[in-house]
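Peer 1: File name model05.json; file contents JSON, C-alpha atoms and all ligand atoms; full text below.
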[["chain", "number", "residue", "atom", "x", "y", "z"],
["A", 1, "MET", "CA", 87.33, 4.36, -92.24],
["A", 2, "THR", "CA", 85.34, 1.16, -92.20],
["A", 3, "THR", "CA", 81.97, 2.37, -90.92],
["A", 4, "THR", "CA", 79.77, 3.02, -93.94],
["A", 5, "LEU", "CA", 76.44, 4.80, -93.76],
["A", 6, "THR", "CA", 73.12, 4.41, -95.52],
["A", 7, "LEU", "CA", 72.77, 7.76, -97.25],
["A", 8, "PRO", "CA", 69.80, 10.05, -97.78],
["A", 9, "ILE", "CA", 69.35, 11.25, -101.40],
["A", 10, "TRP", "CA", 71.47, 14.33, -102.17],
["A", 11, "ASN", "CA", 69.15, 17.25, -102.97],
["A", 12, "THR", "CA", 68.66, 20.92, -102.09],
["A", 13, "ASP", "CA", 66.69, 20.07, -98.90],
["A", 14, "LEU", "CA", 69.59, 18.00, -97.63],
["A", 15, "GLU", "CA", 72.00, 20.82, -98.54],
["A", 16, "LEU", "CA", 69.98, 23.32, -96.53],
["A", 17, "GLU", "CA", 69.73, 20.90, -93.60],
["A", 18, "ILE", "CA", 73.53, 20.42, -93.56],
["A", 19, "PHE", "CA", 74.13, 24.16, -93.94],
["A", 20, "ASN", "CA", 71.79, 24.93, -91.01],
["A", 21, "LYS", "CA", 73.47, 22.28, -88.86],
["A", 22, "ILE", "CA", 76.86, 23.88, -89.57],
["A", 23, "THR", "CA", 75.79, 27.47, -88.93],
["A", 24, "ASN", "CA", 73.90, 26.52, -85.74],
["A", 25, "GLN", "CA", 77.09, 24.97, -84.50],
["A", 26, "HIS", "CA", 79.70, 27.44, -85.73],
["A", 27, "THR", "CA", 77.92, 30.76, -86.35],
["A", 28, "PRO", "CA", 74.62, 30.86, -84.44],
["A", 29, "HIS", "CA", 74.48, 34.67, -84.93],
["A", 30, "LEU", "CA", 74.26, 34.35, -88.75],
["A", 31, "PRO", "CA", 70.66, 35.14, -89.79],
["A", 32, "LYS", "CA", 68.75, 32.23, -91.35],
["A", 33, "LYS", "CA", 67.32, 34.42, -94.09],
["A", 34, "ARG", "CA", 68.31, 37.67, -95.76],
["A", 35, "LEU", "CA", 67.40, 40.65, -93.57],
["A", 36, "TYR", "CA", 67.40, 43.45, -96.17],
["A", 37, "GLU", "CA", 66.90, 43.92, -99.90],
["A", 38, "THR", "CA", 69.89, 44.26, -102.22],
["A", 39, "LYS", "CA", 70.56, 47.35, -104.37],
["A", 40, "PRO", "CA", 72.24, 47.57, -107.79],
["A", 41, "PRO", "CA", 75.80, 48.97, -107.80],
["A", 42, "GLN", "CA", 75.59, 52.77, -108.24],
["A", 43, "THR", "CA", 78.86, 54.71, -108.01],
["A", 44, "PRO", "CA", 81.58, 54.19, -110.66],
["A", 45, "GLU", "CA", 83.70, 52.62, -107.91],
["A", 46, "ASP", "CA", 80.95, 50.13, -107.00],
["A", 47, "ILE", "CA", 80.33, 49.33, -110.66],
["A", 48, "GLU", "CA", 84.03, 48.65, -111.21],
["A", 49, "LYS", "CA", 84.17, 46.24, -108.24],
["A", 50, "PHE", "CA", 80.93, 44.60, -109.31],
["A", 51, "TYR", "CA", 82.39, 44.13, -112.81],
["A", 52, "ARG", "CA", 85.47, 42.37, -111.41],
["A", 53, "PHE", "CA", 83.26, 40.14, -109.29],
["A", 54, "ARG", "CA", 81.13, 39.18, -112.31],
["A", 55, "VAL", "CA", 84.24, 38.52, -114.41],
["A", 56, "ALA", "CA", 85.38, 36.11, -111.68],
["A", 57, "GLY", "CA", 81.98, 34.38, -111.75],
["A", 58, "ALA", "CA", 82.07, 33.98, -115.53],
["A", 59, "ALA", "CA", 85.66, 32.69, -115.31],
["A", 60, "HIS", "CA", 84.58, 30.01, -112.82],
["A", 61, "ASP", "CA", 81.93, 28.82, -115.31],
["A", 62, "LEU", "CA", 84.15, 29.08, -118.39],
["A", 63, "PHE", "CA", 86.92, 27.14, -116.63],
["A", 64, "ILE", "CA", 84.39, 24.37, -115.95],
["A", 65, "VAL", "CA", 83.45, 24.38, -119.64],
["A", 66, "GLN", "CA", 87.10, 24.14, -120.71],
["A", 67, "VAL", "CA", 87.93, 21.31, -118.27],
["A", 68, "CYS", "CA", 84.79, 19.29, -119.03],
["A", 69, "ALA", "CA", 85.26, 19.75, -122.79],
["A", 70, "LYS", "CA", 88.69, 18.11, -122.52],
["A", 71, "VAL", "CA", 87.48, 15.34, -120.22],
["A", 72, "ILE", "CA", 84.45, 14.41, -122.33],
["A", 73, "GLY", "CA", 86.79, 13.02, -124.99],
["A", 74, "GLU", "CA", 89.25, 11.47, -122.52],
["A", 75, "ILE", "CA", 87.05, 9.34, -120.27],
["A", 76, "PRO", "CA", 85.06, 6.88, -122.43],
["A", 77, "GLU", "CA", 82.04, 6.54, -120.14],
["A", 78, "PRO", "CA", 78.77, 7.26, -121.97],
["A", 79, "GLU", "CA", 76.92, 8.04, -118.73],
["A", 80, "LEU", "CA", 79.57, 10.60, -117.76],
["A", 81, "GLN", "CA", 79.63, 12.05, -121.30],
["A", 82, "LEU", "CA", 75.89, 12.68, -121.23],
["A", 83, "PHE", "CA", 76.17, 14.40, -117.86],
["A", 84, "LEU", "CA", 79.16, 16.49, -118.99],
["A", 85, "SER", "CA", 77.42, 17.60, -122.18],
["A", 86, "GLN", "CA", 74.64, 18.98, -119.98],
["A", 87, "GLN", "CA", 77.10, 20.61, -117.60],
["A", 88, "ILE", "CA", 79.04, 22.21, -120.48],
["A", 89, "GLY", "CA", 75.83, 23.61, -121.99],
["A", 90, "ASP", "CA", 74.55, 24.96, -118.67],
["A", 91, "ASP", "CA", 77.76, 26.44, -117.32],
["A", 92, "GLY", "CA", 78.52, 27.89, -120.76],
["A", 93, "ALA", "CA", 75.11, 29.60, -120.72],
["A", 94, "HIS", "CA", 75.81, 30.93, -117.20],
["A", 95, "ALA", "CA", 79.13, 32.42, -118.36],
["A", 96, "ALA", "CA", 77.49, 33.89, -121.47],
["A", 97, "ASN", "CA", 74.74, 35.55, -119.42],
["A", 98, "THR", "CA", 77.25, 36.95, -116.93],
["A", 99, "ARG", "CA", 79.35, 38.28, -119.82],
["A", 100, "ARG", "CA", 76.35, 40.04, -121.33],
["A", 101, "ARG", "CA", 75.21, 41.59, -118.02],
["A", 102, "ALA", "CA", 78.75, 42.72, -117.17],
["A", 103, "GLN", "CA", 78.99, 44.37, -120.57],
["A", 104, "GLU", "CA", 75.63, 46.12, -120.12],
["A", 105, "ILE", "CA", 76.54, 47.36, -116.64],
["A", 106, "TYR", "CA", 80.17, 48.33, -117.24],
["A", 107, "GLY", "CA", 80.06, 49.20, -120.95],
["A", 108, "LYS", "CA", 82.86, 46.91, -122.05],
["A", 109, "ASP", "CA", 82.92, 43.35, -123.38],
["A", 110, "PRO", "CA", 84.62, 41.41, -120.58],
["A", 111, "ILE", "CA", 85.57, 38.32, -122.61],
["A", 112, "GLU", "CA", 89.33, 39.01, -122.53],
["A", 113, "ASP", "CA", 89.25, 39.77, -118.80],
["A", 114, "ILE", "CA", 87.27, 36.55, -118.27],
["A", 115, "GLN", "CA", 89.80, 34.45, -120.19],
["A", 116, "LYS", "CA", 92.67, 36.05, -118.20],
["A", 117, "GLN", "CA", 91.00, 34.81, -115.00],
["A", 118, "VAL", "CA", 90.39, 31.37, -116.54],
["A", 119, "GLU", "CA", 94.16, 31.15, -117.19],
["A", 120, "LYS", "CA", 94.70, 31.70, -113.46],
["A", 121, "HIS", "CA", 92.48, 28.71, -112.65],
["A", 122, "TRP", "CA", 94.56, 26.59, -115.08],
["A", 123, "ASP", "CA", 97.76, 27.90, -113.45],
["A", 124, "TYR", "CA", 96.88, 27.08, -109.89],
["A", 125, "MET", "CA", 94.99, 23.83, -110.54],
["A", 126, "GLY", "CA", 97.80, 22.56, -112.79],
["A", 127, "ASP", "CA", 97.26, 19.10, -114.25],
["A", 128, "LEU", "CA", 95.01, 17.96, -111.39],
["A", 129, "PRO", "CA", 91.60, 18.12, -113.18],
["A", 130, "LEU", "CA", 92.96, 16.12, -116.15],
["A", 131, "ARG", "CA", 95.43, 13.82, -114.35],
["A", 132, "ASN", "CA", 93.04, 10.86, -113.97],
["A", 133, "TRP", "CA", 89.40, 10.34, -113.08],
["A", 134, "GLN", "CA", 90.07, 10.87, -109.39],
["A", 135, "GLY", "CA", 91.64, 14.25, -110.18],
["A", 136, "PHE", "CA", 88.63, 15.15, -112.29],
["A", 137, "LEU", "CA", 86.34, 14.14, -109.42],
["A", 138, "ALA", "CA", 88.32, 16.42, -107.07],
["A", 139, "PHE", "CA", 87.86, 19.22, -109.63],
["A", 140, "GLU", "CA", 84.08, 18.62, -109.73],
["A", 141, "LEU", "CA", 83.95, 18.48, -105.93],
["A", 142, "HIS", "CA", 85.73, 21.82, -105.63],
["A", 143, "TYR", "CA", 83.99, 23.65, -108.47],
["A", 144, "GLU", "CA", 80.46, 22.33, -107.91],
["A", 145, "MET", "CA", 80.09, 20.95, -104.36],
["A", 146, "HIS", "CA", 82.49, 22.61, -101.91],
["A", 147, "ILE", "CA", 81.48, 26.17, -102.83],
["A", 148, "VAL", "CA", 77.81, 25.69, -101.93],
["A", 149, "ALA", "CA", 77.97, 26.87, -98.29],
["A", 150, "SER", "CA", 79.74, 30.10, -99.32],
["A", 151, "LEU", "CA", 76.98, 30.69, -101.90],
["A", 152, "PHE", "CA", 74.38, 30.28, -99.13],
["A", 153, "VAL", "CA", 76.25, 32.88, -97.06],
["A", 154, "ASN", "CA", 76.34, 35.24, -100.08],
["A", 155, "GLY", "CA", 72.60, 34.75, -100.54],
["A", 156, "ILE", "CA", 71.92, 35.71, -96.92],
["A", 157, "THR", "CA", 74.37, 38.58, -96.41],
["A", 158, "SER", "CA", 74.97, 40.31, -99.78],
["A", 159, "LYS", "CA", 73.88, 43.94, -100.10],
["A", 160, "ILE", "CA", 74.47, 44.62, -103.80],
["A", 161, "SER", "CA", 73.11, 42.75, -106.81],
["A", 162, "ASP", "CA", 71.97, 43.23, -110.39],
["A", 163, "PRO", "CA", 68.21, 42.50, -110.57],
["A", 164, "GLN", "CA", 68.42, 40.93, -114.07],
["A", 165, "SER", "CA", 71.28, 38.65, -113.04],
["A", 166, "ALA", "CA", 69.36, 37.73, -109.89],
["A", 167, "GLU", "CA", 66.34, 36.74, -111.99],
["A", 168, "PHE", "CA", 68.50, 34.59, -114.29],
["A", 169, "SER", "CA", 70.13, 33.02, -111.28],
["A", 170, "LYS", "CA", 66.79, 32.13, -109.70],
["A", 171, "ASN", "CA", 65.29, 30.66, -112.89],
["A", 172, "ARG", "CA", 68.32, 29.03, -114.50],
["A", 173, "ILE", "CA", 71.53, 28.93, -112.49],
["A", 174, "LYS", "CA", 70.18, 27.64, -109.18],
["A", 175, "PRO", "CA", 68.14, 24.69, -110.55],
["A", 176, "GLU", "CA", 70.87, 23.81, -113.07],
["A", 177, "GLU", "CA", 73.64, 23.89, -110.46],
["A", 178, "ALA", "CA", 71.50, 21.68, -108.19],
["A", 179, "ARG", "CA", 71.32, 19.18, -111.09],
["A", 180, "HIS", "CA", 75.09, 19.37, -111.62],
["A", 181, "ARG", "CA", 75.66, 18.44, -107.99],
["A", 182, "VAL", "CA", 73.31, 15.48, -108.28],
["A", 183, "GLY", "CA", 75.13, 14.49, -111.50],
["A", 184, "VAL", "CA", 78.49, 14.47, -109.72],
["A", 185, "VAL", "CA", 77.04, 12.46, -106.81],
["A", 186, "ASN", "CA", 75.47, 9.90, -109.20],
["A", 187, "TRP", "CA", 78.62, 9.47, -111.29],
["A", 188, "TRP", "CA", 80.74, 8.91, -108.20],
["A", 189, "GLN", "CA", 78.23, 6.57, -106.50],
["A", 190, "SER", "CA", 77.93, 4.44, -109.66],
["A", 191, "LYS", "CA", 81.62, 3.61, -109.16],
["A", 192, "TYR", "CA", 81.81, 3.52, -105.38],
["A", 193, "ASP", "CA", 78.72, 1.36, -104.84],
["A", 194, "GLN", "CA", 80.08, -1.37, -107.13],
["A", 195, "VAL", "CA", 83.32, -2.14, -105.31],
["A", 196, "SER", "CA", 84.30, -4.37, -102.38],
["A", 197, "PRO", "CA", 84.90, -2.90, -98.90],
["A", 198, "THR", "CA", 88.70, -3.14, -99.36],
["A", 199, "LYS", "CA", 88.57, -1.37, -102.71],
["A", 200, "LYS", "CA", 86.22, 1.22, -101.15],
["A", 201, "ALA", "CA", 88.82, 2.05, -98.52],
["A", 202, "ASP", "CA", 91.44, 2.46, -101.29],
["A", 203, "LEU", "CA", 89.17, 4.67, -103.36],
["A", 204, "ALA", "CA", 88.26, 6.77, -100.32],
["A", 205, "ALA", "CA", 91.96, 7.35, -99.57],
["A", 206, "GLN", "CA", 92.62, 8.34, -103.21],
["A", 207, "VAL", "CA", 89.70, 10.77, -103.25],
["A", 208, "ILE", "CA", 90.80, 12.40, -100.00],
["A", 209, "GLU", "CA", 94.36, 12.76, -101.28],
["A", 210, "MET", "CA", 93.23, 14.44, -104.52],
["A", 211, "ASP", "CA", 90.69, 16.63, -102.76],
["A", 212, "GLU", "CA", 93.34, 17.76, -100.27],
["A", 213, "GLU", "CA", 95.72, 18.63, -103.12],
["A", 214, "ALA", "CA", 92.97, 20.64, -104.80],
["A", 215, "GLN", "CA", 92.28, 22.46, -101.53],
["A", 216, "ARG", "CA", 95.93, 23.46, -101.13],
["A", 217, "ARG", "CA", 95.99, 24.61, -104.76],
["A", 218, "ARG", "CA", 92.80, 26.65, -104.34],
["A", 219, "ASN", "CA", 93.47, 28.29, -100.96],
["A", 220, "PRO", "CA", 95.11, 31.53, -102.19],
["A", 221, "TYR", "CA", 92.43, 31.95, -104.88],
["A", 222, "LEU", "CA", 89.56, 31.38, -102.43],
["A", 223, "LYS", "CA", 90.91, 33.98, -99.98],
["A", 224, "LYS", "CA", 91.27, 36.56, -102.74],
["A", 225, "HIS", "CA", 87.89, 35.72, -104.22],
["A", 226, "TRP", "CA", 86.11, 36.07, -100.88],
["A", 227, "GLN", "CA", 87.80, 39.44, -100.35],
["A", 228, "LEU", "CA", 86.61, 40.58, -103.79],
["A", 229, "THR", "CA", 83.11, 39.26, -103.04],
["A", 230, "GLN", "CA", 83.01, 41.19, -99.79],
["A", 231, "GLU", "CA", 84.19, 44.41, -101.46],
["A", 232, "ALA", "CA", 81.88, 44.03, -104.49],
["A", 233, "ILE", "CA", 78.59, 42.84, -102.99],
["A", 234, "GLY", "CA", 79.05, 43.47, -99.27],
["A", 235, "THR", "CA", 78.88, 39.87, -98.01],
["A", 236, "ASP", "CA", 79.90, 38.95, -94.48],
["A", 237, "ILE", "CA", 82.99, 36.79, -94.89],
["A", 238, "SER", "CA", 84.16, 36.77, -91.27],
["A", 239, "ASP", "CA", 82.96, 33.22, -90.56],
["A", 240, "LEU", "CA", 83.40, 31.85, -94.05],
["A", 241, "PRO", "CA", 86.58, 29.82, -93.37],
["A", 242, "LYS", "CA", 84.88, 27.91, -90.53],
["A", 243, "ILE", "CA", 81.73, 27.35, -92.57],
["A", 244, "TYR", "CA", 83.69, 26.35, -95.68],
["A", 245, "ASP", "CA", 85.86, 23.82, -93.83],
["A", 246, "ALA", "CA", 82.86, 22.26, -92.04],
["A", 247, "TRP", "CA", 80.82, 22.07, -95.26],
["A", 248, "ARG", "CA", 83.68, 20.40, -97.14],
["A", 249, "ARG", "CA", 83.97, 17.77, -94.40],
["A", 250, "GLU", "CA", 80.24, 17.07, -94.70],
["A", 251, "VAL", "CA", 80.46, 16.71, -98.50],
["A", 252, "LEU", "CA", 83.39, 14.30, -98.27],
["A", 253, "ALA", "CA", 81.72, 12.31, -95.48],
["A", 254, "TYR", "CA", 78.64, 11.96, -97.71],
["A", 255, "PHE", "CA", 80.66, 10.96, -100.79],
["A", 256, "LEU", "CA", 82.68, 8.39, -98.87],
["A", 257, "ALA", "CA", 79.63, 7.25, -96.87],
["A", 258, "ILE", "CA", 81.45, 7.51, -93.58],
["A", 259, "PRO", "CA", 80.50, 9.55, -90.49],
["A", 260, "VAL", "CA", 82.00, 13.04, -90.53],
["A", 261, "THR", "CA", 83.75, 12.26, -87.21],
["A", 262, "LYS", "CA", 85.60, 9.35, -88.85],
["A", 263, "LEU", "CA", 87.22, 11.53, -91.53],
["A", 264, "PRO", "CA", 90.89, 12.34, -90.92],
["A", 265, "PRO", "CA", 91.80, 16.00, -90.21],
["A", 266, "LEU", "CA", 91.66, 17.93, -93.50],
["A", 267, "VAL", "CA", 93.57, 20.91, -94.89],
["A", 268, "SER", "CA", 91.82, 24.14, -93.90],
["A", 269, "VAL", "CA", 91.14, 26.97, -96.32],
["A", 270, "ASN", "CA", 93.15, 29.06, -93.82],
["A", 271, "GLU", "CA", 96.35, 27.06, -94.36],
["B", 301, "FE", "FE", 77.37, 27.49, -113.48],
["B", 302, "FE", "FE", 77.85, 23.94, -112.61]]
Render the structure in this file as C-alpha cells.
Peer 2:
Amino acid sequence: MTTTLTLPIWNTDLELEIFNKITNQHTPHLPKKRLYETKPPQTPEDIEKFYRFRVAGAAHDLFIVQVCAKVIGEIPEPELQLFLSQQIGDDGAHAANTRRRAQEIYGKDPIEDIQKQVEKHWDYMGDLPLRNWQGFLAFELHYEMHIVASLFVNGITSKISDPQSAEFSKNRIKPEEARHRVGVVNWWQSKYDQVSPTKKADLAAQVIEMDEEAQRRRNPYLKKHWQLTQEAIGTDISDLPKIYDAWRREVLAYFLAIPVTKLPPLVSVNE
C-alpha cells in the first residue's frame, strides 16, 4: 500500500460518478433514474411497515447524535468539535422530523420504539465508536459514508414514500448529509496529510482494521434493515450486497489515497 494518489475533491458529483462506475460494472440493468412515481403507504399493513422503516431511520440519526455527543467531550480537537456540533444539530433535526411524520402517519409517538432501536445499535457496535479516534472514524465511515450507495439505490427503485418526508429530505437531509460526508473527509485528511509515508501506512492499516471490525459488527443489522426497506418501500435489494461492497472499497481507497485495486480483500456484507 505504498502508491498514493492525488485526489479529486469529495463532493456529490464525485459520489454520483463513483456510483455510476460501480453500477455500470456490477448491475448494468439498474436504471440510472427512477422510472415511476412513488405513492404514500395506504393499507394498514403498508402503514405499519412504513412506520417500522421510519423508526429505523430515526434510530440511525439518534444513534449518531448519542455517539457524537459523547465524543465531542472526549476528543479535544476544536476543529472536530465544531464539525460534530453541526452534525449533532442536523442529525438530531432529521430524527425529530422523522419522529413527527411517523406519529402523524401512524398515530403514535414513536420515541420509545426509536430508542429501542438505538439500543440495538449500541449493542452490536459495542465500544468501537468510543474506543479511540480510529474507532470513531470507522463509526463515521459506516454511518455517513458507506451507506450512500444503498441510498442511491433506494432513490432509484423505491415505490412508496411520504411526500412531506420527501420534501424535507430534498431540502434539508440531502444537503446536510453531503456536508457531513465532506466534514468526515476533511477531519481525516487533516490528520493523514500531515504524516510521513511510514506513519501513513500504519494509519491506513489501523483504519482498515477498525472498518473491518465495524463491518462484521454491522452485517446482521444491514441484512435485516435492507429486508425491512424492501418490504416497507419496495426497493430492489437484489444487487445491494455487490453494490455496497464495491462502494465501501471505493470510499476506503479514497480515504487512504491508494488505488482501489491495491486494497486488500475486505469483509463482505454477505459474510
Ligand atoms: Fe441524518
Ligand atoms: Fe449525518
Peer 1: Excluding stretch 217-230 of chain A and its own-chain neighbours fewer than 2 positions away, which residues fall within 9 Å of it when counting all atoms listed in the file? Please give them as a PyMOL selection string.
Peer 2: chain A and resi 49-50+52-53+56+120-121+124-126+142+150+154+158+212-215+232-237+240-241+268-271
Peer 1: Go ahead and compute the interatomic distance for atom CA of A:Ala102 and atom CA of A:Arg181, in Å to one decimal.
Peer 2: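 Calculated distance between atom CA of A:Ala102 and atom CA of A:Arg181 is 26.1 Å.
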Peer 1: For ligand FE 301 (chain B), which residue out of A:Val195, A:Leu256, A:Met145, A:Leu16 is the nearest one, using all atoms listed in the file?
Peer 2: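 When distances to ligand FE 301 (chain B) are compared using all atoms listed in the file, the smallest one comes from A:Met145.
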Peer 1: Between chain A and ligand FE 302 (chain B), at 10 Å or less, what are the per-residue closest atom pairs and their distances in Å? Count all atoms listed in the file, order by chain and rising residue number, and return it as CSV.
Peer 2:
residue,atom,partner,partner_atom,distance
A:His60,CA,B:FE302,FE,9.1
A:Asp61,CA,B:FE302,FE,6.9
A:Leu62,CA,B:FE302,FE,10.0
A:Ile64,CA,B:FE302,FE,7.4
A:Val65,CA,B:FE302,FE,9.0
A:Leu84,CA,B:FE302,FE,9.9
A:Gln86,CA,B:FE302,FE,9.4
A:Gln87,CA,B:FE302,FE,6.0
A:Ile88,CA,B:FE302,FE,8.1
A:Gly89,CA,B:FE302,FE,9.6
A:Asp90,CA,B:FE302,FE,7.0
A:Asp91,CA,B:FE302,FE,5.3
A:Gly92,CA,B:FE302,FE,9.1
A:His94,CA,B:FE302,FE,8.6
A:Glu140,CA,B:FE302,FE,8.7
A:Tyr143,CA,B:FE302,FE,7.4
A:Glu144,CA,B:FE302,FE,5.6
A:Met145,CA,B:FE302,FE,9.1
A:Ile173,CA,B:FE302,FE,8.1
A:Lys174,CA,B:FE302,FE,9.2
A:Pro175,CA,B:FE302,FE,10.0
A:Glu176,CA,B:FE302,FE,7.0
A:Glu177,CA,B:FE302,FE,4.7
A:Ala178,CA,B:FE302,FE,8.1
A:Arg179,CA,B:FE302,FE,8.2
A:His180,CA,B:FE302,FE,5.4
A:Arg181,CA,B:FE302,FE,7.5
A:Gly183,CA,B:FE302,FE,9.9
A:Val184,CA,B:FE302,FE,9.9
Peer 1: Distance atom CA of A:Leu35-atom CA of A:Ile160, one decimal place?
Peer 2: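 Here the two named atoms are 13.1 Å from each other.
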Peer 1: Smallest atom-to-atom distance to ligand FE 301 (chain B): which of A:Ser169, A:Ala246, A:Glu112, A:Arg131, using all atoms listed in the file?
Peer 2: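 Nearest to ligand FE 301 (chain B): A:Ser169.
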Peer 1: Would you compute the distance between atom CA of A:Leu252 and atom CA of A:Glu119? Give it in Å to one decimal.
Peer 2: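 A separation of 27.5 Å between them.
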Peer 1: I want to know what sits within 9 Å of stretch 202-209 of chain A, based on only C-alpha atoms, with residues of the same chain fewer than 4 positions away left out; could you give that as a PyMOL selection string?
Peer 2: chain A and resi 1+134-135+137-138+192+197-198+213-214+252+255-256+266
Peer 1: Given the choices A:Glu104, A:Asp113, A:Asp239, A:Asp127, which gets closest to A:Phe139 if the distance is worked out from only C-alpha atoms?
Peer 2: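 Closest residue, counting only C-alpha atoms: A:Asp127.
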Peer 1: Would you please work out which residue, of A:Phe152, A:Lys39, A:Ser190, A:Phe168, is nearest to A:Thr23 when using all atoms listed in the file?
Peer 2: A:Phe152
Peer 1: With distances taken over only C-alpha atoms, which residue among A:Gly107, A:Gly155, A:Pro265, A:Pro78 lies nearest A:Thr38?
Peer 2: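 Selected residue with least distance to A:Thr38: A:Gly155.
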Peer 1: Name all residues at most 9 Å from stretch 69-77 of chain A (count only C-alpha atoms; drop same-chain ones fewer than 6 positions away) and give them as a VMD selection string.
Peer 2: chain A and resid 84 to 85 88 129 to 130 132 to 133 136
Peer 1: Measuring between all atoms listed in the file, which one of A:Ala149, A:Ala96, A:Ile105, A:Leu263 shows the shortest distance to ligand FE 301 (chain B)?
Peer 2: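 Checking each of A:Ala149, A:Ala96, A:Ile105, A:Leu263 against ligand FE 301 (chain B), counting all atoms listed in the file, the winner is A:Ala96.
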Peer 1: Write stretch 125-137 of chain A as a PDB file, in the coordinates of the input, completed to N, CA and C atoms.
Peer 2:
ATOM      1  N   MET A 125      95.447  25.230-110.607  1.00  0.00           N
ATOM      2  CA  MET A 125      94.990  23.830-110.540  1.00  0.00           C
ATOM      3  C   MET A 125      95.978  22.882-111.225  1.00  0.00           C
ATOM      4  N   GLY A 126      96.806  23.404-112.116  1.00  0.00           N
ATOM      5  CA  GLY A 126      97.800  22.560-112.790  1.00  0.00           C
ATOM      6  C   GLY A 126      97.144  21.413-113.539  1.00  0.00           C
ATOM      7  N   ASP A 127      97.789  20.236-113.488  1.00  0.00           N
ATOM      8  CA  ASP A 127      97.260  19.100-114.250  1.00  0.00           C
ATOM      9  C   ASP A 127      96.190  18.335-113.485  1.00  0.00           C
ATOM     10  N   LEU A 128      95.893  18.766-112.256  1.00  0.00           N
ATOM     11  CA  LEU A 128      95.010  17.960-111.390  1.00  0.00           C
ATOM     12  C   LEU A 128      93.671  17.563-112.035  1.00  0.00           C
ATOM     13  N   PRO A 129      92.912  18.521-112.644  1.00  0.00           N
ATOM     14  CA  PRO A 129      91.600  18.120-113.180  1.00  0.00           C
ATOM     15  C   PRO A 129      91.692  17.065-114.286  1.00  0.00           C
ATOM     16  N   LEU A 130      92.839  17.020-114.996  1.00  0.00           N
ATOM     17  CA  LEU A 130      92.960  16.120-116.150  1.00  0.00           C
ATOM     18  C   LEU A 130      93.903  14.954-115.873  1.00  0.00           C
ATOM     19  N   ARG A 131      94.398  14.825-114.639  1.00  0.00           N
ATOM     20  CA  ARG A 131      95.430  13.820-114.350  1.00  0.00           C
ATOM     21  C   ARG A 131      94.873  12.408-114.479  1.00  0.00           C
ATOM     22  N   ASN A 132      93.739  12.158-113.901  1.00  0.00           N
ATOM     23  CA  ASN A 132      93.040  10.860-113.970  1.00  0.00           C
ATOM     24  C   ASN A 132      91.619  11.104-113.483  1.00  0.00           C
ATOM     25  N   TRP A 133      90.792  10.074-113.423  1.00  0.00           N
ATOM     26  CA  TRP A 133      89.400  10.340-113.080  1.00  0.00           C
ATOM     27  C   TRP A 133      89.243  10.824-111.650  1.00  0.00           C
ATOM     28  N   GLN A 134      90.155  10.389-110.776  1.00  0.00           N
ATOM     29  CA  GLN A 134      90.070  10.870-109.390  1.00  0.00           C
ATOM     30  C   GLN A 134      90.380  12.369-109.308  1.00  0.00           C
ATOM     31  N   GLY A 135      91.330  12.812-110.130  1.00  0.00           N
ATOM     32  CA  GLY A 135      91.640  14.250-110.180  1.00  0.00           C
ATOM     33  C   GLY A 135      90.462  15.039-110.721  1.00  0.00           C
ATOM     34  N   PHE A 136      89.813  14.471-111.739  1.00  0.00           N
ATOM     35  CA  PHE A 136      88.630  15.150-112.290  1.00  0.00           C
ATOM     36  C   PHE A 136      87.507  15.203-111.249  1.00  0.00           C
ATOM     37  N   LEU A 137      87.356  14.125-110.488  1.00  0.00           N
ATOM     38  CA  LEU A 137      86.340  14.140-109.420  1.00  0.00           C
ATOM     39  C   LEU A 137      86.654  15.255-108.410  1.00  0.00           C
TER      40      LEU A 137
END
